[in-house]
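Structure first, then comments.
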Protein chains: 2
Amino acid sequence: MPIPFTPLVKSLPSTVPFVGPETLERLRGSPFKARIGANESAFGMSQLAANAMRAAIENDECAWYADPESFELRTLLAEKHSVQPDEICVDAGIDTLLGLAVRMLVEPGSQVVTSLGAYPTFNYHVSGYGGVLKTVPYRDNHEDAETLLAAAHEHSARMLYLSNPDNPMGTQLPGDAINTLINSLPADCIFILDEAYIDFSANPDAPAIDTSNNQVMRFRTFSKAYGLAGMRIGYVIAHRDLITGFNKIRNHFGLNRLAQIAAAASLQDAGFLTEIQQRVAEGREHIYTLARAHNLSFVESSTNFVAVDMGSTEAANKMLEELNAAGIFIRKPSVPPLDRYLRVGVGTEREHQVFSDTFSALISRI
Amino acid sequence: MPIPFTPLVKSLPSTVPFVGPETLERLRGSPFKARIGANESAFGMSQLAANAMRAAIENDECAWYADPESFELRTLLAEKHSVQPDEICVDAGIDTLLGLAVRMLVEPGSQVVTSLGAYPTFNYHVSGYGGVLKTVPYRDNHEDAETLLAAAHEHSARMLYLSNPDNPMGTQLPGDAINTLINSLPADCIFILDEAYIDFSANPDAPAIDTSNNQVMRFRTFSKAYGLAGMRIGYVIAHRDLITGFNKIRNHFGLNRLAQIAAAASLQDAGFLTEIQQRVAEGREHIYTLARAHNLSFVESSTNFVAVDMGSTEAANKMLEELNAAGIFIRKPSVPPLDRYLRVGVGTEREHQVFSDTFSALISRI
């Protein structure tokens, strides 16, 4: 019997947004020496988070489902962002929340605007619900807010996606540019502002959060600066009518209890973010220094990775391949005009040393 | 601006499948003294799982995304069930997997058959994708396989859901009855066999797993006997063409890394399940004894809970209310003919004592 998949699911390709480093390790037959390809934190989580998780394990709390309302965590987040708890939805990372946002808004044929080369997982969700992607190229290594907005108007887009600071280039648009975009959105268009990397920015010039505007969703995460990518926990801040949509369709008992506990504990570690920002800033400087030593230009970054210009797409692809073969897990953009860059993640001191030595040994050959 | 939700999402009610115990604790203003209402394990996880999680925390692995292929875990599960790894999909608990299964198969208007009073979260997903539920009443405290099958034929159902052992009554259909159903499914109907409680069954008379049949999906979990409900990890075993459907739409980086690690470690703890089965069997006996002491009949259970007959719906509702007020988190079925039962979970010794004392004190008044 042919399987009665919906026509939409039948039509979807069997592609995945990313191949994980573990898959590559199995293919190459040995573990990577440095893991600087997925923008994960090299500096781990808050000790308060680790202690809270250990206590919960000790206390056999892993046998209990998590609070489906994430009440304590939403209360802490509401305080942090000066919003109300019912203007926040917590779920298993921004990926999960983006999937829900798309499901709420996109029907087969709905137009969705994003940048060419921006977050593949968002695109995966849009395609997964039958949406049609309209892409706008990067301009000067930035997402092009003006042209994205124009495209949203032209296509009567249902969603407009932008990450700020951006991935994969690490650039940050000024708050004014974001605000201009917000104030000029087409009717029936929801703005998806992915701020996964905002905590790394030395100058977090983000527009003020305004939950009275029901066209804006702001996505934040514990995966990056808080060092909890493996725990899968993030949140969206939005007008409560938008949050109601999430609550109608989300998997209420889907959240990991330890993730909830670790996130709440992290928020209470006052000095943690500042320390991480400092260490990531130092890590970026090391990458800048390495690039300069080889006369390569690079993009000043507001994130925990640096786009290094390899001069040509061919050189960048070759370097990626050689680095992977030499035991460095690293990724690069694959579409023009970004594809001549290598995306170098901030690693631990040891990882940076391994990367730096390998890179320097390879650069003369490429 | 009205929010441009899809017509389907706009039409959905703001209901949730369950209210969590934490919500009830906030309402009553104090913590419960016993948590025996969500069929969670009272006996925690394997020490191998706890140790593996502690080691991963120590090793800062929480900062890393999990292997999106769950390769190691699928390999172990394939061995355990004598199937191939590509006949298994792992995700954040059966709830998540049921949501994906519905999304793969159900379009607005698709008919879905289940038992009246069976798993609300499955129904939540079906409604969430626009499916139409057709329900069949329980018969003699069992899901009624014959009538479910007839209903699937009558409605040309896209999915037929059955849990075995069943929740909320704790009964188990013989493997023969399940096999008869499987062999007589209508074309274009996928059989959703939820086996969350199978590990508790003293006589796991489940039909053999046959992944050559592409009409059957079997759902298993680490939430119940393995004591990992809070970690959110489960899996589905099915024909690889069905698994391909999951892989086209699932959130590939959505799984918690510690959950993956804990599940894999649990599988390597040879004696663990047997010990849990023993302790749960003892716990059931305590509940049987309590029921007998009060001249109440009960349903022999293949799970970690026991349906105790309170004689009338009114008495059962009253007992539920009084128990909750007295600090016992417990639930009961809400539809006839199941609603005169109280669903009593196996707790720790201490929890059973608290429940038993409270129940005995209340019973004379009700």
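FYI, nothing fancy with the structure tokens labels: chains A, B, ... in order, residues from 1 per chain, ligands from 1 as they appear.
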ask   = So which residues of region 218-328 of chain A fall under strand (DSSP E) by DSSP, listed as a list in words?
value =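 So, restricting region 218-328 of chain A to strand (DSSP E), we get Arg218, Phe219, Arg220, Thr221, Gly234, Tyr235, Val236, Ile237, Ala238, Phe305, Val306, Ala307, Val308, Asp309 and Ile328 of chain A.
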Sorted by chain and rising residue number, which residues of chain B lie within 7 Å of chain A, and what are their closest atom pairs and distances in Å to one decimal, counting only C-alpha atoms, as a tab-separated table?
residue	atom	partner	partner_atom	distance
B:Ile3	CA	A:Asp188	CA	6.8
B:Pro4	CA	A:Asp188	CA	5.4
B:Phe5	CA	A:Leu105	CA	4.8
B:Thr6	CA	A:Leu105	CA	5.3
B:Val9	CA	A:Met104	CA	6.0
B:Leu12	CA	A:Lys248	CA	6.7
B:Pro13	CA	A:Lys248	CA	6.8
B:Ser14	CA	A:Lys248	CA	5.3
B:Thr15	CA	A:Lys248	CA	6.9
B:Gly20	CA	A:Asp67	CA	6.2
B:Glu22	CA	A:Asp67	CA	5.8
B:Glu40	CA	A:Trp64	CA	6.2
B:Ser41	CA	A:Ala63	CA	6.0
B:Gly44	CA	A:Asp60	CA	5.4
B:Met45	CA	A:Ala63	CA	6.9
B:Ala50	CA	A:Ile57	CA	6.6
B:Arg54	CA	A:Arg54	CA	6.8
B:Ile57	CA	A:Ala50	CA	6.6
B:Asp60	CA	A:Gly44	CA	5.4
B:Cys62	CA	A:Gly230	CA	4.6
B:Ala63	CA	A:Gly227	CA	4.6
B:Trp64	CA	A:Gly230	CA	4.8
B:Tyr65	CA	A:Gly230	CA	4.2
B:Ala66	CA	A:Gly230	CA	5.7
B:Asp67	CA	A:Glu22	CA	5.8
B:Pro68	CA	A:Gly20	CA	6.3
B:Ala92	CA	A:Gly254	CA	6.7
B:Thr96	CA	A:Gly254	CA	6.9
B:Met104	CA	A:Phe5	CA	5.5
B:Leu105	CA	A:Phe5	CA	4.8
B:Val106	CA	A:Thr6	CA	6.6
B:Glu107	CA	A:Thr6	CA	6.6
B:Gly128	CA	A:Ile249	CA	6.2
B:Asp188	CA	A:Pro4	CA	5.4
B:Gly227	CA	A:Ala63	CA	4.6
B:Leu228	CA	A:Ala63	CA	4.7
B:Ala229	CA	A:Ala63	CA	4.9
B:Gly230	CA	A:Tyr65	CA	4.2
B:Met231	CA	A:Asn256	CA	5.0
B:Arg232	CA	A:Asn256	CA	5.8
B:Lys248	CA	A:Ser14	CA	5.3
B:Ile249	CA	A:Gly128	CA	6.2
B:Asn251	CA	A:Thr96	CA	6.9
B:Gly254	CA	A:Arg232	CA	6.6
B:Asn256	CA	A:Met231	CA	5.0
B:Arg257	CA	A:Gly230	CA	4.9
query = Quick one: distance from CA of His153 (chain B) to CA of Asp210 (chain B) in Å, one decimal?
reply = 22.4 Å
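Minimum atom-to-atom distances from B:Gln353, B:Ser212, B:Asn203, B:Thr348 to Thr303 (chain B) were compared using only C-alpha atoms, and the lowest value belongs to B:Asn203.
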query = CA of Met217 (chain A) to CA of Tyr119 (chain A): how many Å, to one decimal?
reply =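 Atom-to-atom, CA of Met217 (chain A) to CA of Tyr119 (chain A), that is 16.0 Å.
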ask   = Which parts of region 33-209 of chain B does DSSP call helix (DSSP H, G or I) when run on the backbone here, written out as JSON, numbers by chain?
value = {"B": [47, 48, 49, 50, 51, 52, 53, 54, 55, 56, 57, 58, 61, 62, 63, 71, 72, 73, 74, 75, 76, 77, 78, 79, 80, 81, 85, 86, 87, 93, 94, 95, 96, 97, 98, 99, 100, 101, 102, 103, 104, 105, 120, 121, 122, 123, 124, 125, 126, 127, 128, 145, 146, 147, 148, 149, 150, 151, 152, 153, 154, 175, 176, 177, 178, 179, 180, 181, 182, 183, 198, 199, 200]}
request  = Would you mind reading off the distance between CA of Ala238 (chain B) and CA of Pro85 (chain B), one decimal, in Å?
outcome  =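 Value for the CA of Ala238 (chain B)-CA of Pro85 (chain B) distance: 10.4 Å.
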request  = Would you kindly return, as a VMD selection string, each protein, DNA or RNA residue with an atom no farther than 9 Å from any atom of Glu72 (chain B), considering only C-alpha atoms and excluding same-chain residues fewer than 5 positions away?
outcome  = chain B and resid 67 77 260 264
query = For Leu48 (chain B), which residue out of B:Leu193, B:Ile237, B:Ala270, B:Ala325 is the nearest one, using only C-alpha atoms?
reply =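 For Leu48 (chain B), the nearest of the given residues is B:Ala270.
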Need to verify the contact set: Leu162 (chain B), 7 Å, only C-alpha atoms, exclusion of same-chain residues closer than 4 positions in sequence. Can you return it as a PDB file with N, CA, C and O atoms, in the first residue's frame?
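Generated file (out36.pdb):
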ATOM      1  N   THR B 114     -10.383   6.840  17.541  1.00  0.00           N
ATOM      2  CA  THR B 114      -9.751   6.542  18.829  1.00  0.00           C
ATOM      3  C   THR B 114     -10.843   6.165  19.823  1.00  0.00           C
ATOM      4  O   THR B 114     -12.035   6.230  19.501  1.00  0.00           O
ATOM      5  N   ILE B 192      -1.803   3.521  14.897  1.00  0.00           N
ATOM      6  CA  ILE B 192      -0.935   4.156  15.890  1.00  0.00           C
ATOM      7  C   ILE B 192      -1.032   3.328  17.167  1.00  0.00           C
ATOM      8  O   ILE B 192      -2.004   3.438  17.910  1.00  0.00           O
ATOM      9  N   LEU B 193      -0.036   2.513  17.409  1.00  0.00           N
ATOM     10  CA  LEU B 193      -0.046   1.640  18.589  1.00  0.00           C
ATOM     11  C   LEU B 193       0.865   2.247  19.659  1.00  0.00           C
ATOM     12  O   LEU B 193       2.090   2.223  19.538  1.00  0.00           O
ATOM     13  N   ASP B 194       0.231   2.820  20.671  1.00  0.00           N
ATOM     14  CA  ASP B 194       0.958   3.519  21.735  1.00  0.00           C
ATOM     15  C   ASP B 194       1.276   2.513  22.842  1.00  0.00           C
ATOM     16  O   ASP B 194       0.384   2.072  23.562  1.00  0.00           O
TER      17      ASP B 194
END
Would you list the contacts of Ser301 (chain B) as a PDB file with N, CA, C and O atoms, in the first residue's frame, taking every protein, DNA or RNA residue within 12 Å and counting only C-alpha atoms, but skipping same-chain residues closer than 3 positions in sequence?
ATOM      1  N   ASN B 141     -13.994  -2.121  30.345  1.00  0.00           N
ATOM      2  CA  ASN B 141     -12.722  -1.510  30.762  1.00  0.00           C
ATOM      3  C   ASN B 141     -11.569  -1.728  29.793  1.00  0.00           C
ATOM      4  O   ASN B 141     -10.418  -1.450  30.129  1.00  0.00           O
ATOM      5  N   HIS B 142     -11.855  -2.216  28.613  1.00  0.00           N
ATOM      6  CA  HIS B 142     -10.842  -2.383  27.571  1.00  0.00           C
ATOM      7  C   HIS B 142     -11.162  -1.465  26.403  1.00  0.00           C
ATOM      8  O   HIS B 142     -12.320  -1.168  26.134  1.00  0.00           O
ATOM      9  N   ASN B 164      -1.823   0.207  24.304  1.00  0.00           N
ATOM     10  CA  ASN B 164      -1.802  -1.150  24.846  1.00  0.00           C
ATOM     11  C   ASN B 164      -0.466  -1.436  25.520  1.00  0.00           C
ATOM     12  O   ASN B 164       0.555  -1.437  24.839  1.00  0.00           O
ATOM     13  N   PRO B 165      -0.440  -1.637  26.855  1.00  0.00           N
ATOM     14  CA  PRO B 165      -1.547  -1.501  27.799  1.00  0.00           C
ATOM     15  C   PRO B 165      -2.144  -0.100  27.720  1.00  0.00           C
ATOM     16  O   PRO B 165      -1.488   0.838  27.301  1.00  0.00           O
ATOM     17  N   ASP B 166      -3.361  -0.023  28.191  1.00  0.00           N
ATOM     18  CA  ASP B 166      -4.119   1.190  27.961  1.00  0.00           C
ATOM     19  C   ASP B 166      -4.043   2.161  29.135  1.00  0.00           C
ATOM     20  O   ASP B 166      -3.810   1.779  30.277  1.00  0.00           O
ATOM     21  N   ASN B 167      -4.225   3.407  28.824  1.00  0.00           N
ATOM     22  CA  ASN B 167      -4.357   4.479  29.801  1.00  0.00           C
ATOM     23  C   ASN B 167      -5.685   5.151  29.476  1.00  0.00           C
ATOM     24  O   ASN B 167      -5.916   5.467  28.318  1.00  0.00           O
ATOM     25  N   PRO B 168      -6.602   5.330  30.382  1.00  0.00           N
ATOM     26  CA  PRO B 168      -6.460   5.359  31.844  1.00  0.00           C
ATOM     27  C   PRO B 168      -6.860   4.082  32.592  1.00  0.00           C
ATOM     28  O   PRO B 168      -6.845   4.114  33.830  1.00  0.00           O
ATOM     29  N   MET B 169      -7.212   2.973  31.943  1.00  0.00           N
ATOM     30  CA  MET B 169      -7.742   1.842  32.702  1.00  0.00           C
ATOM     31  C   MET B 169      -6.680   0.813  33.087  1.00  0.00           C
ATOM     32  O   MET B 169      -6.898   0.001  33.988  1.00  0.00           O
ATOM     33  N   GLY B 170      -5.550   0.816  32.390  1.00  0.00           N
ATOM     34  CA  GLY B 170      -4.472  -0.101  32.758  1.00  0.00           C
ATOM     35  C   GLY B 170      -4.630  -1.501  32.222  1.00  0.00           C
ATOM     36  O   GLY B 170      -3.889  -2.412  32.609  1.00  0.00           O
ATOM     37  N   THR B 171      -5.601  -1.709  31.313  1.00  0.00           N
ATOM     38  CA  THR B 171      -5.835  -3.054  30.782  1.00  0.00           C
ATOM     39  C   THR B 171      -4.972  -3.330  29.551  1.00  0.00           C
ATOM     40  O   THR B 171      -4.488  -2.411  28.892  1.00  0.00           O
ATOM     41  N   GLN B 172      -4.819  -4.602  29.270  1.00  0.00           N
ATOM     42  CA  GLN B 172      -3.991  -4.995  28.124  1.00  0.00           C
ATOM     43  C   GLN B 172      -4.762  -5.953  27.238  1.00  0.00           C
ATOM     44  O   GLN B 172      -5.308  -6.949  27.712  1.00  0.00           O
ATOM     45  N   LEU B 173      -4.815  -5.645  25.961  1.00  0.00           N
ATOM     46  CA  LEU B 173      -5.436  -6.569  25.015  1.00  0.00           C
ATOM     47  C   LEU B 173      -4.427  -7.647  24.655  1.00  0.00           C
ATOM     48  O   LEU B 173      -3.226  -7.383  24.582  1.00  0.00           O
ATOM     49  N   TYR B 197       3.266   1.955  28.090  1.00  0.00           N
ATOM     50  CA  TYR B 197       3.255   1.227  29.369  1.00  0.00           C
ATOM     51  C   TYR B 197       3.687  -0.224  29.235  1.00  0.00           C
ATOM     52  O   TYR B 197       3.628  -0.985  30.191  1.00  0.00           O
ATOM     53  N   ILE B 198       4.125  -0.622  28.046  1.00  0.00           N
ATOM     54  CA  ILE B 198       4.412  -2.036  27.794  1.00  0.00           C
ATOM     55  C   ILE B 198       5.477  -2.592  28.744  1.00  0.00           C
ATOM     56  O   ILE B 198       5.441  -3.772  29.106  1.00  0.00           O
ATOM     57  N   PHE B 200       5.846  -2.215  31.794  1.00  0.00           N
ATOM     58  CA  PHE B 200       5.345  -2.580  33.119  1.00  0.00           C
ATOM     59  C   PHE B 200       4.628  -3.922  33.112  1.00  0.00           C
ATOM     60  O   PHE B 200       4.307  -4.463  34.164  1.00  0.00           O
ATOM     61  N   SER B 201       4.325  -4.403  31.938  1.00  0.00           N
ATOM     62  CA  SER B 201       3.478  -5.575  31.856  1.00  0.00           C
ATOM     63  C   SER B 201       4.243  -6.832  32.253  1.00  0.00           C
ATOM     64  O   SER B 201       5.318  -7.108  31.731  1.00  0.00           O
ATOM     65  N   ALA B 202       3.658  -7.578  33.182  1.00  0.00           N
ATOM     66  CA  ALA B 202       4.310  -8.815  33.625  1.00  0.00           C
ATOM     67  C   ALA B 202       4.310  -9.828  32.486  1.00  0.00           C
ATOM     68  O   ALA B 202       5.210 -10.637  32.343  1.00  0.00           O
ATOM     69  N   ASN B 203       3.281  -9.752  31.657  1.00  0.00           N
ATOM     70  CA  ASN B 203       3.168 -10.665  30.532  1.00  0.00           C
ATOM     71  C   ASN B 203       3.071  -9.841  29.250  1.00  0.00           C
ATOM     72  O   ASN B 203       1.995  -9.578  28.743  1.00  0.00           O
ATOM     73  N   VAL B 280       6.935  -1.991  40.824  1.00  0.00           N
ATOM     74  CA  VAL B 280       5.623  -1.514  40.380  1.00  0.00           C
ATOM     75  C   VAL B 280       4.555  -2.567  40.676  1.00  0.00           C
ATOM     76  O   VAL B 280       3.442  -2.241  41.118  1.00  0.00           O
ATOM     77  N   ALA B 281       4.912  -3.839  40.485  1.00  0.00           N
ATOM     78  CA  ALA B 281       3.961  -4.923  40.793  1.00  0.00           C
ATOM     79  C   ALA B 281       3.607  -4.895  42.279  1.00  0.00           C
ATOM     80  O   ALA B 281       2.432  -5.046  42.653  1.00  0.00           O
ATOM     81  N   GLU B 282       4.594  -4.670  43.122  1.00  0.00           N
ATOM     82  CA  GLU B 282       4.328  -4.558  44.559  1.00  0.00           C
ATOM     83  C   GLU B 282       3.426  -3.358  44.851  1.00  0.00           C
ATOM     84  O   GLU B 282       2.495  -3.449  45.656  1.00  0.00           O
ATOM     85  N   GLY B 283       3.720  -2.259  44.184  1.00  0.00           N
ATOM     86  CA  GLY B 283       2.910  -1.046  44.372  1.00  0.00           C
ATOM     87  C   GLY B 283       1.462  -1.274  43.976  1.00  0.00           C
ATOM     88  O   GLY B 283       0.531  -0.814  44.658  1.00  0.00           O
ATOM     89  N   ARG B 284       1.253  -1.995  42.892  1.00  0.00           N
ATOM     90  CA  ARG B 284      -0.121  -2.306  42.474  1.00  0.00           C
ATOM     91  C   ARG B 284      -0.820  -3.140  43.540  1.00  0.00           C
ATOM     92  O   ARG B 284      -1.987  -2.918  43.857  1.00  0.00           O
ATOM     93  N   GLU B 285      -0.076  -4.105  44.093  1.00  0.00           N
ATOM     94  CA  GLU B 285      -0.667  -4.965  45.131  1.00  0.00           C
ATOM     95  C   GLU B 285      -1.125  -4.138  46.329  1.00  0.00           C
ATOM     96  O   GLU B 285      -2.181  -4.401  46.902  1.00  0.00           O
ATOM     97  N   ILE B 287      -2.171  -1.136  46.266  1.00  0.00           N
ATOM     98  CA  ILE B 287      -3.412  -0.436  45.880  1.00  0.00           C
ATOM     99  C   ILE B 287      -4.582  -1.419  45.866  1.00  0.00           C
ATOM    100  O   ILE B 287      -5.674  -1.115  46.353  1.00  0.00           O
ATOM    101  N   TYR B 288      -4.346  -2.619  45.334  1.00  0.00           N
ATOM    102  CA  TYR B 288      -5.401  -3.645  45.350  1.00  0.00           C
ATOM    103  C   TYR B 288      -5.856  -3.902  46.797  1.00  0.00           C
ATOM    104  O   TYR B 288      -7.053  -4.005  47.086  1.00  0.00           O
ATOM    105  N   PHE B 298     -11.704  -3.080  41.553  1.00  0.00           N
ATOM    106  CA  PHE B 298     -10.648  -2.381  40.808  1.00  0.00           C
ATOM    107  C   PHE B 298     -10.345  -3.182  39.558  1.00  0.00           C
ATOM    108  O   PHE B 298     -10.773  -4.339  39.432  1.00  0.00           O
ATOM    109  N   ASN B 304       1.538   1.181  35.654  1.00  0.00           N
ATOM    110  CA  ASN B 304       1.948   1.681  36.969  1.00  0.00           C
ATOM    111  C   ASN B 304       0.840   2.511  37.628  1.00  0.00           C
ATOM    112  O   ASN B 304       1.117   3.461  38.367  1.00  0.00           O
ATOM    113  N   PHE B 305      -0.404   2.158  37.313  1.00  0.00           N
ATOM    114  CA  PHE B 305      -1.543   2.791  37.978  1.00  0.00           C
ATOM    115  C   PHE B 305      -2.688   1.779  38.016  1.00  0.00           C
ATOM    116  O   PHE B 305      -2.680   0.800  37.261  1.00  0.00           O
ATOM    117  N   VAL B 306      -3.651   2.043  38.888  1.00  0.00           N
ATOM    118  CA  VAL B 306      -4.784   1.131  39.048  1.00  0.00           C
ATOM    119  C   VAL B 306      -6.083   1.934  39.043  1.00  0.00           C
ATOM    120  O   VAL B 306      -6.202   2.930  39.767  1.00  0.00           O
ATOM    121  N   ALA B 307      -7.034   1.521  38.205  1.00  0.00           N
ATOM    122  CA  ALA B 307      -8.347   2.162  38.195  1.00  0.00           C
ATOM    123  C   ALA B 307      -9.201   1.522  39.286  1.00  0.00           C
ATOM    124  O   ALA B 307      -9.486   0.322  39.239  1.00  0.00           O
ATOM    125  N   VAL B 308      -9.573   2.345  40.268  1.00  0.00           N
ATOM    126  CA  VAL B 308     -10.362   1.853  41.401  1.00  0.00           C
ATOM    127  C   VAL B 308     -11.800   2.346  41.245  1.00  0.00           C
ATOM    128  O   VAL B 308     -12.045   3.540  41.037  1.00  0.00           O
ATOM    129  N   ARG B 343      -8.053   6.977  39.157  1.00  0.00           N
ATOM    130  CA  ARG B 343      -6.817   6.373  38.650  1.00  0.00           C
ATOM    131  C   ARG B 343      -5.699   6.604  39.667  1.00  0.00           C
ATOM    132  O   ARG B 343      -5.189   7.714  39.799  1.00  0.00           O
ATOM    133  N   VAL B 344      -5.334   5.548  40.346  1.00  0.00           N
ATOM    134  CA  VAL B 344      -4.367   5.661  41.445  1.00  0.00           C
ATOM    135  C   VAL B 344      -2.986   5.229  40.960  1.00  0.00           C
ATOM    136  O   VAL B 344      -2.778   4.068  40.602  1.00  0.00           O
ATOM    137  N   GLY B 345      -2.046   6.151  40.938  1.00  0.00           N
ATOM    138  CA  GLY B 345      -0.698   5.820  40.489  1.00  0.00           C
ATOM    139  C   GLY B 345       0.100   5.118  41.575  1.00  0.00           C
ATOM    140  O   GLY B 345      -0.096   5.357  42.765  1.00  0.00           O
ATOM    141  N   VAL B 346       0.996   4.241  41.134  1.00  0.00           N
ATOM    142  CA  VAL B 346       1.936   3.633  42.075  1.00  0.00           C
ATOM    143  C   VAL B 346       2.919   4.717  42.498  1.00  0.00           C
ATOM    144  O   VAL B 346       3.571   5.334  41.647  1.00  0.00           O
TER     145      VAL B 346
END
Of the listed residues B:Glu300, B:Glu143, B:Glu87, B:Asp199, that which approaches Leu273 (chain B) most closely, counting only C-alpha atoms =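 Of the candidates, the smallest distance to Leu273 (chain B) is held by B:Asp199.
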